[in-house]
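> Let me give you the structure first, and then I'll get to my questions.
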Amino acid sequence: MSGDKTTHFGYQTVAVEEKQAKVAEVFHSVAAKYDLMNDLMSFGVHRLWKRITIDMSGVRPGNRVLDLAGGTGDLTRKFSKIVGPQGKVILADINSSMLNVGRDRLTDQGYVGNIEYVQANAECLPFEDNSFDVITIAFGLRNVTDKDAALRSMARCLKPGGRLLVLEFSKPTNPLMSKAYDLYSFTALPFMGKVVTNDAESYKYLAESIRMHPDQETLKCMMEEAGLVRCSYHNMTSGVVALHRGIKP
Amino acid sequence: MLQYLPAELLQAACIPAELAINHVLQYDPAAQQQLRPLQGRLLALQVGQQALFVRILDGSIGLSFRNDAEADATLSGSLTDFLALAAAQDKANTLINSAIDMAGDSEFALGLTRIAQQLDIDWEALLSPLTGGLLAHQLGKGLRGLLRWGQTTAPVYRTAVKEYLEDEAQLVTPAPLLAQFADEVDQLKLDTDRLAARLDRLQQASAQPKE
């Protein structure tokens with residue numbers, strides 16, 4: 001493998017072309033019980049993090065919104081209600097299993113008409129330049145192989161003045177919280193994964209991938225390098241999760 | 001003070017109220033129908049430094065203490081003003097005549113107060129999952145009757161209590177007497193001011209050397 005480009009998959013080092021397939025494997029495995037696991041792992045707080053993201057997105061009726069790595073459609077559901085019939089929400093995910101779960105669920109709940117579903121890679125989005133008012137990626141960026149390329153691609157698709165919001169696990173700001181969080185994520189999460197989805201490895205990857213994800217300041221710099229301005233972040237739950245925002249000039 | 005609390009806590013605090021309002025809306029199809037054209041619009045209620053945002057969704061509402069979208073209408077006032085508005089019989093009229101400032105799309109704000117005013121809950125539909133259809137019908141009938149009775153008897157009781165406090169127990173001064181007393185005090189103040197001015201003038205005149 002010498003000379004080949006490598007990247008991380010949790011704490012493992014893998015060839016760049018392997019990561020996408022490995023991440024896909026994880027999400028194919030957890031798709032069916034993804035929401036249940038999220039509720040268990042975060043004690044339901046992930047719903048509050050997502051609500052705050054929507055409130056801070058500045059989305060308005062008639063807007064075009066891209067919910068990237070939208071998976072089971074939590075954000076899309078609320079965006080669809082806000083943008084109304086004149087607006088459009090695109091739920092995009094690289095993983096077909098996650099997208100299928102999201103599409104079936106939203107359709108069953110009656111959310112149709114202003115939602116489209118697209119299987120897309122965040123690194124090379126299949127959308128025109130300047131085509132979205134808001135792009136969100138919630139708990140998805142850390143799974144992307146080339147994060148810089150993904151951020152550039154998102155910036156390209158935003159309209160001038162449009163907002164990118166990245167909701168992602170980050171680095172806890174409180175040392176005590178950090179210790180408790182480490183203990184929780186490396187012992188309780190794989191155990192819950194084993195019990196609920198019979199897949200401890202996927203949740204071990206989740207904990208590892210969170211530790212390998214850039215911290216708040218690094219991600220902010222990456223967004224600025226991707227061409228976004230007025231980048232800022234908002235820590236939630238003592239920095240366990242951070243919401244980064246940037247605007248396309 | 002609320003701005004110092006974690007965003008998650010503030011967001012969580014909104015959920016019970018939001019659920020309660022949406023639960024009530026669920027049983028008033030007319031209100032849902034009226035809300036539908038307003039889908040996606042945002043009302044900000046500014047009480048002092050703190051704002052509460054009301055987002056109109058598809059026949060329901062969403063509440064939050066923070067929203068980065070520009071509100072379609074903003075109502076600013078004190079908590080007392082908003083409580084008075086909530087308790088008022090004619091909300092739209094009270095809003096126009098109150099100390100609450102309205103900015104943005106006033107038609108939208110007034111429209112929402114009208115919907116709140118006309119909220120007519122289908123009590124039977126609300127109760128039937130718990131009690132069954134027959135009992136829900138009886139309870140619904142009872143509740144409707146109770147509300148109607150409350151609406152008609154409340155003014156009568158208000159008048160009776162007022163008369164008892166003013167005339168029987170004489171614990172409170174009747175409003176006309178109080179107004180008359182205030183007028184008399186004002187008149188007395190005017191008279192004393194005028195007298196003081198006249199005395200000043202006389203004093204100045206006597207102090208001037210005679211030619």
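Chain lettering (A, B, ...) mirrors the order of the structure tokens, residue numbering begins at 1 for each chain separately, and ligand numbering begins at 1 in order of display.
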Report as JSON lines: every residue of chain B with an atom at most 12 Å from chain A, its closest pair of atoms, and their distance in Å to one decimal, counting only C-alpha atoms, with rows sorted by chain and ascending residue number.


```
{"residue": "B:Leu5", "atom": "CA", "partner": "A:Met236", "partner_atom": "CA", "distance": 11.2}
{"residue": "B:Pro6", "atom": "CA", "partner": "A:Met236", "partner_atom": "CA", "distance": 7.4}
{"residue": "B:Ala7", "atom": "CA", "partner": "A:Met236", "partner_atom": "CA", "distance": 7.2}
{"residue": "B:Glu8", "atom": "CA", "partner": "A:Leu48", "partner_atom": "CA", "distance": 5.8}
{"residue": "B:Leu9", "atom": "CA", "partner": "A:Leu48", "partner_atom": "CA", "distance": 8.6}
{"residue": "B:Leu10", "atom": "CA", "partner": "A:Leu48", "partner_atom": "CA", "distance": 9.5}
{"residue": "B:Gln11", "atom": "CA", "partner": "A:Leu48", "partner_atom": "CA", "distance": 6.5}
{"residue": "B:Ala12", "atom": "CA", "partner": "A:Leu48", "partner_atom": "CA", "distance": 6.8}
{"residue": "B:Ala13", "atom": "CA", "partner": "A:Leu48", "partner_atom": "CA", "distance": 10.5}
{"residue": "B:Cys14", "atom": "CA", "partner": "A:Leu48", "partner_atom": "CA", "distance": 10.5}
{"residue": "B:Ile15", "atom": "CA", "partner": "A:Leu48", "partner_atom": "CA", "distance": 9.6}
{"residue": "B:Arg36", "atom": "CA", "partner": "A:Gly84", "partner_atom": "CA", "distance": 9.6}
{"residue": "B:Pro37", "atom": "CA", "partner": "A:Gly84", "partner_atom": "CA", "distance": 9.5}
{"residue": "B:Leu38", "atom": "CA", "partner": "A:Gly84", "partner_atom": "CA", "distance": 9.5}
{"residue": "B:Gln39", "atom": "CA", "partner": "A:Gly84", "partner_atom": "CA", "distance": 6.4}
{"residue": "B:Gly40", "atom": "CA", "partner": "A:Ile82", "partner_atom": "CA", "distance": 4.1}
{"residue": "B:Arg41", "atom": "CA", "partner": "A:Pro61", "partner_atom": "CA", "distance": 7.0}
{"residue": "B:Leu42", "atom": "CA", "partner": "A:Arg60", "partner_atom": "CA", "distance": 8.7}
{"residue": "B:Leu52", "atom": "CA", "partner": "A:Asp55", "partner_atom": "CA", "distance": 11.8}
{"residue": "B:Phe53", "atom": "CA", "partner": "A:Asp55", "partner_atom": "CA", "distance": 9.5}
{"residue": "B:Val54", "atom": "CA", "partner": "A:Asp55", "partner_atom": "CA", "distance": 11.0}
{"residue": "B:Arg55", "atom": "CA", "partner": "A:Ile82", "partner_atom": "CA", "distance": 8.1}
{"residue": "B:Ile56", "atom": "CA", "partner": "A:Ile82", "partner_atom": "CA", "distance": 7.8}
{"residue": "B:Leu57", "atom": "CA", "partner": "A:Lys81", "partner_atom": "CA", "distance": 5.5}
{"residue": "B:Asp58", "atom": "CA", "partner": "A:Lys81", "partner_atom": "CA", "distance": 5.9}
{"residue": "B:Gly59", "atom": "CA", "partner": "A:Lys81", "partner_atom": "CA", "distance": 9.6}
{"residue": "B:Ser60", "atom": "CA", "partner": "A:Lys81", "partner_atom": "CA", "distance": 9.6}
{"residue": "B:Ile61", "atom": "CA", "partner": "A:Lys81", "partner_atom": "CA", "distance": 10.0}
{"residue": "B:Gly62", "atom": "CA", "partner": "A:Lys78", "partner_atom": "CA", "distance": 9.6}
{"residue": "B:Leu63", "atom": "CA", "partner": "A:Asp55", "partner_atom": "CA", "distance": 9.7}
{"residue": "B:Ser64", "atom": "CA", "partner": "A:Asp55", "partner_atom": "CA", "distance": 7.5}
{"residue": "B:Phe65", "atom": "CA", "partner": "A:Asp55", "partner_atom": "CA", "distance": 9.0}
{"residue": "B:Arg66", "atom": "CA", "partner": "A:Asp55", "partner_atom": "CA", "distance": 6.5}
{"residue": "B:Asn67", "atom": "CA", "partner": "A:Asp55", "partner_atom": "CA", "distance": 4.7}
{"residue": "B:Asp68", "atom": "CA", "partner": "A:Gly58", "partner_atom": "CA", "distance": 4.7}
{"residue": "B:Ala69", "atom": "CA", "partner": "A:Gly58", "partner_atom": "CA", "distance": 3.7}
{"residue": "B:Glu70", "atom": "CA", "partner": "A:Gly58", "partner_atom": "CA", "distance": 7.3}
{"residue": "B:Ala71", "atom": "CA", "partner": "A:Arg60", "partner_atom": "CA", "distance": 9.6}
{"residue": "B:Asp72", "atom": "CA", "partner": "A:Arg60", "partner_atom": "CA", "distance": 10.0}
```

> If we count only C-alpha atoms and set the cut-off at 9 Å, which residues sit around range 199-203 of chain A, ignoring sequence neighbours fewer than 3 positions away in its own chain? Please answer as an MDAnalysis selection string.

chainID A and resid 23 25:27 29:30 185:186 189:196 206:208

> Keeping N, CA and C atoms for every residue in the selection just given, could you write it to a file as a compact mmCIF listing (two decimals), in the first residue's frame?


```
# COMPACT_ATOMS: atom_id res chain seq x y z
N VAL A 23 -17.65 2.92 5.41
CA VAL A 23 -18.70 3.75 6.04
C VAL A 23 -20.07 3.27 5.56
N GLU A 25 -20.92 0.34 4.69
CA GLU A 25 -21.22 -0.91 5.39
C GLU A 25 -21.83 -0.62 6.77
N VAL A 26 -21.22 0.35 7.48
CA VAL A 26 -21.70 0.72 8.82
C VAL A 26 -23.15 1.17 8.73
N PHE A 27 -23.44 2.06 7.78
CA PHE A 27 -24.79 2.63 7.73
C PHE A 27 -25.83 1.66 7.16
N SER A 29 -25.79 -1.32 7.90
CA SER A 29 -26.03 -2.18 9.05
C SER A 29 -26.95 -1.53 10.08
N VAL A 30 -26.82 -0.21 10.26
CA VAL A 30 -27.58 0.43 11.36
C VAL A 30 -28.85 1.15 10.89
N SER A 185 -18.75 6.79 25.70
CA SER A 185 -18.77 6.41 24.30
C SER A 185 -17.97 5.16 23.98
N PHE A 186 -16.96 4.84 24.79
CA PHE A 186 -16.18 3.63 24.46
C PHE A 186 -16.66 2.39 25.20
N LEU A 189 -21.71 2.86 24.40
CA LEU A 189 -22.20 2.89 23.02
C LEU A 189 -22.05 1.53 22.32
N PRO A 190 -20.83 0.91 22.33
CA PRO A 190 -20.74 -0.40 21.68
C PRO A 190 -21.67 -1.43 22.31
N PHE A 191 -21.87 -1.31 23.63
CA PHE A 191 -22.76 -2.25 24.32
C PHE A 191 -24.20 -2.09 23.81
N MET A 192 -24.64 -0.81 23.73
CA MET A 192 -26.00 -0.54 23.24
C MET A 192 -26.13 -1.03 21.80
N GLY A 193 -25.09 -0.77 21.00
CA GLY A 193 -25.09 -1.21 19.60
C GLY A 193 -25.24 -2.71 19.52
N LYS A 194 -24.56 -3.41 20.41
CA LYS A 194 -24.61 -4.88 20.42
C LYS A 194 -26.02 -5.35 20.76
N VAL A 195 -26.62 -4.72 21.78
CA VAL A 195 -27.94 -5.15 22.25
C VAL A 195 -29.03 -4.82 21.23
N VAL A 196 -29.00 -3.58 20.70
CA VAL A 196 -30.11 -3.13 19.84
C VAL A 196 -29.94 -3.58 18.39
N LEU A 206 -18.33 4.64 15.45
CA LEU A 206 -18.95 5.94 15.74
C LEU A 206 -18.12 6.70 16.77
N ALA A 207 -17.79 6.02 17.88
CA ALA A 207 -17.02 6.67 18.95
C ALA A 207 -15.64 7.09 18.44
N GLU A 208 -15.01 6.22 17.66
CA GLU A 208 -13.66 6.54 17.17
C GLU A 208 -13.70 7.68 16.14
```

> So that I can check the secondary structure, give me every residue of range 70-168 of chain B assigned strand (DSSP E or B) by backbone DSSP, as a ChimeraX atom specification.

/B:73-77,101-104

> Please give the complete set of residues from range 91-171 of chain B that DSSP, run on the backbone, assigns to alpha helix (DSSP H), formatted as a PyMOL selection string.

chain B and resi 91-97+106-118+123-131+133-163

> Can you write out the residues you just picked, keeping C-alpha atoms, as a JSON list (two decimals), in the first residue's frame?


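Resulting contents of out-v3.json:
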```
[["chain", "number", "residue", "atom", "x", "y", "z"],
["B", 91, "LYS", "CA", -57.98, 40.16, 21.23],
["B", 92, "ALA", "CA", -57.55, 42.00, 17.92],
["B", 93, "ASN", "CA", -59.10, 45.17, 19.32],
["B", 94, "THR", "CA", -57.10, 44.86, 22.56],
["B", 95, "LEU", "CA", -53.90, 44.44, 20.55],
["B", 96, "ILE", "CA", -54.56, 47.57, 18.53],
["B", 97, "ASN", "CA", -55.40, 49.65, 21.59],
["B", 106, "SER", "CA", -49.53, 43.74, 11.19],
["B", 107, "GLU", "CA", -52.21, 41.91, 9.18],
["B", 108, "PHE", "CA", -50.41, 38.63, 9.93],
["B", 109, "ALA", "CA", -50.19, 39.43, 13.67],
["B", 110, "LEU", "CA", -53.84, 40.47, 13.83],
["B", 111, "GLY", "CA", -54.84, 37.38, 11.83],
["B", 112, "LEU", "CA", -53.16, 35.16, 14.41],
["B", 113, "THR", "CA", -54.89, 36.90, 17.31],
["B", 114, "ARG", "CA", -58.21, 36.39, 15.51],
["B", 115, "ILE", "CA", -57.48, 32.68, 15.12],
["B", 116, "ALA", "CA", -56.59, 32.46, 18.83],
["B", 117, "GLN", "CA", -59.85, 34.26, 19.61],
["B", 118, "GLN", "CA", -61.97, 31.91, 17.52],
["B", 123, "TRP", "CA", -64.05, 18.49, 23.16],
["B", 124, "GLU", "CA", -65.69, 15.25, 22.11],
["B", 125, "ALA", "CA", -62.89, 14.35, 19.69],
["B", 126, "LEU", "CA", -60.36, 15.29, 22.36],
["B", 127, "LEU", "CA", -61.96, 13.10, 25.03],
["B", 128, "SER", "CA", -63.22, 10.14, 23.00],
["B", 129, "PRO", "CA", -59.87, 8.23, 22.88],
["B", 130, "LEU", "CA", -59.92, 8.24, 26.70],
["B", 131, "THR", "CA", -63.59, 7.75, 27.46],
["B", 133, "GLY", "CA", -67.78, 8.02, 22.13],
["B", 134, "LEU", "CA", -70.89, 8.02, 24.32],
["B", 135, "LEU", "CA", -69.29, 9.40, 27.47],
["B", 136, "ALA", "CA", -67.22, 11.85, 25.41],
["B", 137, "HIS", "CA", -70.46, 13.22, 23.89],
["B", 138, "GLN", "CA", -71.96, 13.77, 27.34],
["B", 139, "LEU", "CA", -68.75, 15.27, 28.74],
["B", 140, "GLY", "CA", -68.31, 17.43, 25.62],
["B", 141, "LYS", "CA", -71.87, 18.68, 25.96],
["B", 142, "GLY", "CA", -71.21, 19.43, 29.63],
["B", 143, "LEU", "CA", -67.95, 21.24, 28.90],
["B", 144, "ARG", "CA", -69.52, 23.33, 26.13],
["B", 145, "GLY", "CA", -72.38, 24.24, 28.46],
["B", 146, "LEU", "CA", -69.93, 25.08, 31.24],
["B", 147, "LEU", "CA", -67.91, 27.34, 28.95],
["B", 148, "ARG", "CA", -71.05, 29.10, 27.67],
["B", 149, "TRP", "CA", -72.27, 29.51, 31.25],
["B", 150, "GLY", "CA", -68.83, 30.86, 32.20],
["B", 151, "GLN", "CA", -68.87, 33.34, 29.34],
["B", 152, "THR", "CA", -72.33, 34.68, 30.20],
["B", 153, "THR", "CA", -72.06, 34.66, 33.98],
["B", 154, "ALA", "CA", -68.53, 36.05, 34.26],
["B", 155, "PRO", "CA", -69.65, 39.67, 33.53],
["B", 156, "VAL", "CA", -72.59, 39.30, 35.97],
["B", 157, "TYR", "CA", -70.27, 38.10, 38.74],
["B", 158, "ARG", "CA", -67.76, 40.82, 37.90],
["B", 159, "THR", "CA", -70.49, 43.47, 38.36],
["B", 160, "ALA", "CA", -71.76, 41.84, 41.57],
["B", 161, "VAL", "CA", -68.28, 41.71, 43.15],
["B", 162, "LYS", "CA", -67.63, 45.31, 42.10],
["B", 163, "GLU", "CA", -70.91, 46.48, 43.67]]
```

> Between CA of Glu116 in chain A and CA of Arg152 in chain A, measure the distance and give it in Å to one decimal.

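Pair CA of Glu116 in chain A / CA of Arg152 in chain A returns 22.5 Å.
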
> Given only C-alpha atoms as the basis, pick out the residue of A:Asp74, A:Glu18, A:Asp93, A:Asp129 nearest to Asn38 in chain A.

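Looking only at the distances to Asn38 in chain A, the closest residue turns out to be A:Asp74.
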
> Choose the residue, out of A:Ser97, A:Leu228, A:Val112, A:Asp104, that has the smallest atom-to-atom separation from Gly162 in chain A; count only C-alpha atoms.

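Nearest candidate to Gly162 in chain A out of A:Ser97, A:Leu228, A:Val112, A:Asp104: A:Leu228.
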
> I'd like the contact shell of range 166-170 of chain A - 8 Å cut-off, only C-alpha atoms, skipping same-chain residues fewer than 5 positions apart - returned as an MDAnalysis selection string.

chainID A and resid 50 53 136:142 210:211 213:216 239:245
